[in-house]
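Data block below; observations after.
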Amino acid sequence: MISSRFSKLLSWSYLAALYGFIFLPVAVLVLFSFQDGRLPVPPFNGATLKWYGEVFSDNRLMSALTNSLMVAIGSATVACVLGFCAAYGLARFVLPASRLQRGLLIAPMTVSYLIIALGLLTTFNWLGVSLSLWTVGIGHVVINLPLCFAIIYASMGDHQKNIERAARDLGAAEWQVMTQVSAPMLMPSILAAFFLSVTFSWDEFIIAFLLSRFDVTLPVEIWSMLRSGLNPKTNAVGSIVFLVSVALLLILELIVFRRTAKK
Amino acid sequence: MTAPVSIRNATKIFGDFTALDDISLEIAAGEYIVLLGPSGCGKTTLLSLLGGFLSPSSGTIEINGKDMGDVAPAKRPTTTMFQDYALFPHMSLRDNVAFGLKMRKVGKSERHAKAEELLDMVGLKTSANKKPHELSGGQRQRVALARALAVEPDVLLLDEPLGALDLKLRRQMQDELKAIQKRVGTTFVHVTHDQEEAMAIADRIVVMNAGRIEDVGSPENIYMQPKTIFTASFMGEVNFIPGTFESATDSTISVKTSLGTVELPEFECRGFTPGASVTLAIRPEHFRASTGTGPRITLGKAKVEDGSFFGTHHRAHLSPLDYPNMTITAHMPQSAIIEPGAWVELTLDPTSVVVLHGHPPRPTPESAAL
């Protein structure tokens with residue numbers, strides 16, 4: 001009896017420690033974004049929304065936020081289109097060295113963002129491409145394409161192959177099969193890939209830092225704010241970033257996984 | 001919309017496996033053809049050649065007199081109804097049925113009207129806005145049929161269309177398929193391994209085995225006058241009695257078997273020579289001829305081993321007096337009283353006995369009769 005109660009206690013405290021480890025930093029960040037005082041450190045002096053007001057009236061932060069959204073949505077869209085085309089080609093046609101091609105497509109996942117950013121920076125310098133939000137977007141396509149490809153490729157089964165065959169049999173050209181049959185059928189996994197890509201791009205710092213110049217994304221702007229020291233305003237903007245990520249994951253959960261469950 | 005199909009010397013080789021071996025077949029416009037055979041006999045491969053999903057290793061396929069050599073599936077006057085229906089899961093039934101017309105650039109209102117007309121034909125008019133996952137198997141099957149017919153193909157190819165349905169629904173859909181085929185007049189080529197389905201539905205059955213055509217003919221012909229031992233055993237229960245061809249006169253032939261010498265009227269000369277191995281094929285229901293009129297022959301007495309009641313008949317296993325190792329399966333009338341140990345006379349109408357070349361692959365007839 002005692003030992004079972006003890007082991008129960010142990011497993012609950014383990015669970016609490018685990019979630020504490022994951023969420024305590026975030027909870028502290030969010031808590032001190034409401035700090036009524038100049039420093040986001042204990043003791044907590046009481047709640048105020050002042051810092052959020054400052055964030056929303058800060059033009060630089062707001063334009064960085066807009067930039068981040070544009071880069072995230074743009075790069076995720078491109079990564080999904082390219083990933084879908086690659087997955088369709090590799091899943092539906094006999095291509096030379098298709099295993100090698102699949103491997104090469106997924107390989108960038110194993111390379112660190114820093115290396116990818118350095119490689120792209122060198123390439124852009126060499127090509128004479130000046131750094132901008134476009135180059136950040138290209139960098140984010142590079143890191144998200146393997147993910148999109150892997151998610152979409154994994155959902156292409158033989159059952160859908162037969163449905164595509166039926167569409168071709170009814171007179172659909174290849175592009176019509178892709179746009180009117182395959183893509184709508186695979187929409188749950190395409191949306192999953194899209195939202196994950198948006199989330200990753202939204203949070204990404206190293207590539208965005210190294211590949212941007214005058215227009216920067218939100219994580220880069222936050223980093224430059226941090227150089228002048230801690231401030232509840234940085235906590236507030238950090239909380240906003242976190243909130244958007246959570247919202248995106250909730251959308252993913254609600255739209256995509258509920259749709260899949262229905263079938 | 002209908003067209004004749006002509007298959008000439010079609011061969012299909014996959015690696016070192018010959019799936020189709022020199023197949024030639026003429027199909028008339030508006031005919032309901034069933035390709036029947038066990039799995040791996042090449043029937044689905046032949047259907048894929050017609051649909052254009054595979055191309056023959058050699059030989060030609062013509063539809064409506066045009067060589068289909070390099071014509072892609074989309075450009076052929078054929079549509080296929082797939083075994084798993086392959087409906088578009090994200091589209092309503094109306095859009096599913098109208099898809100082929102949309103690909104042919106038919107205007108929206110026109111193609112929707114046509115789709116609704118076809119859904120009406122298959123009894124699903126009120127469900128036009130539903131999605132495929134809301135339907136039962138039989139309904140999906142009807143939608144697949146409507147979708148394939150919407151583009152008015154010359155030839156409709158059906159790949160085991162009833163395979164996923166339960167028995168009762170399958171029998172009902174057979175009747176519907178046949179009625180719809182007669183109504184639209186399209187040439188139907190239907191693949192199945194179910195001989196009852198084939199007989200119920202076909203104008204002509206093509207029996208296939210190991211990449212070759214074994215037999216072609218009307219259901220009655222295939223069942224009652226099979227040309228080979230394979231066809232005879234595939235088309236239903238049959239007793240094989242191996243024997244030796246002895247002699248032929250103008251009107252009769254005689255075959256020596258372990259149940260004695262049997263005299264049969266010569267209905268068709270098939271080039272038997274004295275001394276050749278032949279097999280008598282007798283359907284179980286043909287042992288029921290002890291009453292009635294007409295010529296009769298007997299294979300002697302047999303002892304009833306056991307029997308079971310099938311509603312329309314009693315199915316009994318008999319062992320002949322002359323050769324007790326052989327088991328004969330016979331269907332006895334509903335009213336018969338089956339008593340194990342009783343003796344019955346094996347009486348037959350000689351015209352119902354079929355003489356086939358060769359002996360069955362397995363030495364004893366009971367294996368085929370089981």
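In the structure tokens, each chain is lettered A, B, ... as it comes, each chain's residues begin at 1, and ligands are numbered from 1 in order of appearance.
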
If DSSP is run on the backbone, what residues of segment 34-229 of chain A are alpha helix (DSSP H)? A reply as a ChimeraX atom specification would be ideal. /A:50-57,59-92,98-106,113-127,133-154,158-169,174-176,183-185,187-203,206-210,218-226

Report the closest atom pair, with its distance in Å rounded to one decimal, for each residue of chain B that has an atom no farther than 6 Å from chain A; count only C-alpha atoms, sort by chain and then rising residue number, and write it as CSV.
residue,atom,partner,partner_atom,distance
B:Pro73,CA,A:Asp169,CA,5.1
B:Ala74,CA,A:Gly171,CA,4.0
B:Thr79,CA,A:Asp169,CA,6.0
B:Ala86,CA,A:Ile163,CA,4.4
B:Gly100,CA,A:Leu170,CA,4.7
B:Met103,CA,A:Ala172,CA,5.6

Go ahead and save the picked residues with C-alpha atoms, as an mmCIF file, in the first residue's frame.
data_model
loop_
_atom_site.group_PDB
_atom_site.id
_atom_site.type_symbol
_atom_site.label_atom_id
_atom_site.label_comp_id
_atom_site.auth_asym_id
_atom_site.auth_seq_id
_atom_site.Cartn_x
_atom_site.Cartn_y
_atom_site.Cartn_z
ATOM 1 C CA PRO B 73 -5.570 6.468 -70.758
ATOM 2 C CA ALA B 74 -6.995 10.002 -70.764
ATOM 3 C CA THR B 79 -13.119 4.563 -68.570
ATOM 4 C CA ALA B 86 -11.190 5.451 -56.213
ATOM 5 C CA GLY B 100 -14.657 13.766 -66.377
ATOM 6 C CA MET B 103 -11.810 17.796 -67.769
#

In terms of the shortest atom-to-atom distance over only C-alpha atoms, which of B:Trp343, B:Phe17, B:Phe287, B:Phe53 is closest to Gly40 of chain B?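 Going through B:Trp343, B:Phe17, B:Phe287, B:Phe53 one by one, the smallest distance to Gly40 of chain B is for B:Phe17.
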
Compile the contact shell of Ile61 of chain B as a PyMOL selection string: residues with an atom at most 6 Å away, counting only C-alpha atoms, same-chain residues fewer than 5 positions apart removed. chain B and resi 6-7+67-68

Which residue of A:Leu114, A:Leu100, A:Leu24, A:Leu147 approaches Leu82 of chain A most closely, using only C-alpha atoms: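 Using only C-alpha atoms, the shortest distance to Leu82 of chain A belongs to A:Leu147.
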
May I have the residues within 10 Å of Trp223 of chain A as a list in words, using only C-alpha atoms and disregarding those fewer than 5 positions away in the same chain? Phe205, Phe209, Leu218, Ser228 and Thr234 of chain A

Restrict the selected residues to C-alpha atoms and save them as a PDB file, in the first residue's frame.
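This went into out02.pdb:
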ATOM      1  CA  PHE A 205      17.043  33.858 -35.284  1.00  0.00           C
ATOM      2  CA  PHE A 209      20.281  37.672 -38.192  1.00  0.00           C
ATOM      3  CA  LEU A 218      11.174  40.240 -34.878  1.00  0.00           C
ATOM      4  CA  SER A 228      20.785  47.477 -24.022  1.00  0.00           C
ATOM      5  CA  THR A 234      11.482  42.675 -24.003  1.00  0.00           C
TER       6      THR A 234
END

Quick one: everything within 9 Å of Phe242 of chain A, counting only C-alpha atoms, minus sequence neighbours fewer than 4 positions away in the same chain. Send it as a PyMOL selection string. chain A and resi 26+203+237-238+246-247

Selection: 12 Å around Ile106 of chain A, only C-alpha atoms, excl. self and same-chain fewer than 6 positions, as a list in words: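 Returned residues: Gly83, Ala86, Ala87, Arg99, Leu100, Val142, Ile143, Asn144, Leu145, Pro146, Leu147, Cys148, Phe149, Ala150, Ile151 and Tyr153 of chain A.
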
Could you dump the residues just selected with N, CA and C atoms as a compact mmCIF listing (two decimals), in the first residue's frame?
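Result went into out_2.txt, see below:
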# COMPACT_ATOMS: atom_id res chain seq x y z
N GLY A 83 7.94 21.47 -51.77
CA GLY A 83 7.92 20.16 -51.09
C GLY A 83 6.86 19.26 -51.69
N ALA A 86 8.06 18.03 -55.15
CA ALA A 86 9.10 17.02 -55.02
C ALA A 86 8.51 15.70 -54.55
N ALA A 87 7.61 15.77 -53.56
CA ALA A 87 7.01 14.55 -53.03
C ALA A 87 6.18 13.86 -54.10
N ARG A 99 16.13 7.14 -54.30
CA ARG A 99 16.48 7.10 -52.86
C ARG A 99 17.51 8.17 -52.53
N LEU A 100 18.48 8.31 -53.43
CA LEU A 100 19.51 9.34 -53.22
C LEU A 100 18.86 10.72 -53.23
N VAL A 142 15.08 27.14 -47.33
CA VAL A 142 16.08 26.07 -47.27
C VAL A 142 15.88 25.20 -46.03
N ILE A 143 15.58 25.83 -44.88
CA ILE A 143 15.43 24.99 -43.68
C ILE A 143 14.07 24.31 -43.62
N ASN A 144 13.03 24.87 -44.23
CA ASN A 144 11.70 24.29 -44.11
C ASN A 144 11.34 23.31 -45.22
N LEU A 145 12.02 23.41 -46.36
CA LEU A 145 11.70 22.52 -47.46
C LEU A 145 11.84 21.04 -47.08
N PRO A 146 12.93 20.63 -46.41
CA PRO A 146 13.04 19.21 -46.05
C PRO A 146 11.88 18.74 -45.19
N LEU A 147 11.45 19.60 -44.28
CA LEU A 147 10.34 19.27 -43.39
C LEU A 147 9.04 19.09 -44.19
N CYS A 148 8.77 20.07 -45.06
CA CYS A 148 7.55 20.00 -45.89
C CYS A 148 7.58 18.75 -46.76
N PHE A 149 8.72 18.51 -47.38
CA PHE A 149 8.84 17.33 -48.24
C PHE A 149 8.56 16.07 -47.44
N ALA A 150 9.19 15.96 -46.26
CA ALA A 150 9.06 14.72 -45.48
C ALA A 150 7.62 14.50 -45.05
N ILE A 151 6.95 15.56 -44.59
CA ILE A 151 5.56 15.42 -44.12
C ILE A 151 4.64 15.02 -45.27
N TYR A 153 5.44 13.80 -48.30
CA TYR A 153 5.81 12.52 -48.92
C TYR A 153 5.26 11.36 -48.10

In Å to one decimal, how far is atom CA of Leu157 of chain B from atom CA of Leu36 of chain B?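 Result for atom CA of Leu36 of chain B versus atom CA of Leu157 of chain B: 13.6 Å, one decimal.
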
I'd like the neighbourhood of Gly137 of chain B as a compact mmCIF listing (two decimals) with N, CA and C atoms, in the first residue's frame, where a residue qualifies if any of its atoms comes within 8 Å (using only C-alpha atoms), though same-chain residues fewer than 2 positions away should be ignored.
# COMPACT_ATOMS: atom_id res chain seq x y z
N LEU B 135 -21.16 7.54 -47.52
CA LEU B 135 -21.93 6.51 -48.22
C LEU B 135 -21.54 5.10 -47.79
N GLN B 139 -23.32 2.10 -52.26
CA GLN B 139 -23.59 3.43 -52.83
C GLN B 139 -22.35 4.00 -53.49
N ARG B 140 -21.19 3.78 -52.86
CA ARG B 140 -19.94 4.26 -53.47
C ARG B 140 -19.74 3.62 -54.83
N GLN B 141 -20.09 2.34 -54.87
CA GLN B 141 -19.94 1.60 -56.09
C GLN B 141 -20.82 2.19 -57.19
N ALA B 164 -15.87 -5.96 -53.21
CA ALA B 164 -15.86 -5.51 -51.81
C ALA B 164 -17.26 -5.55 -51.18
N LEU B 165 -18.25 -6.03 -51.92
CA LEU B 165 -19.62 -6.01 -51.39
C LEU B 165 -19.99 -7.36 -50.79
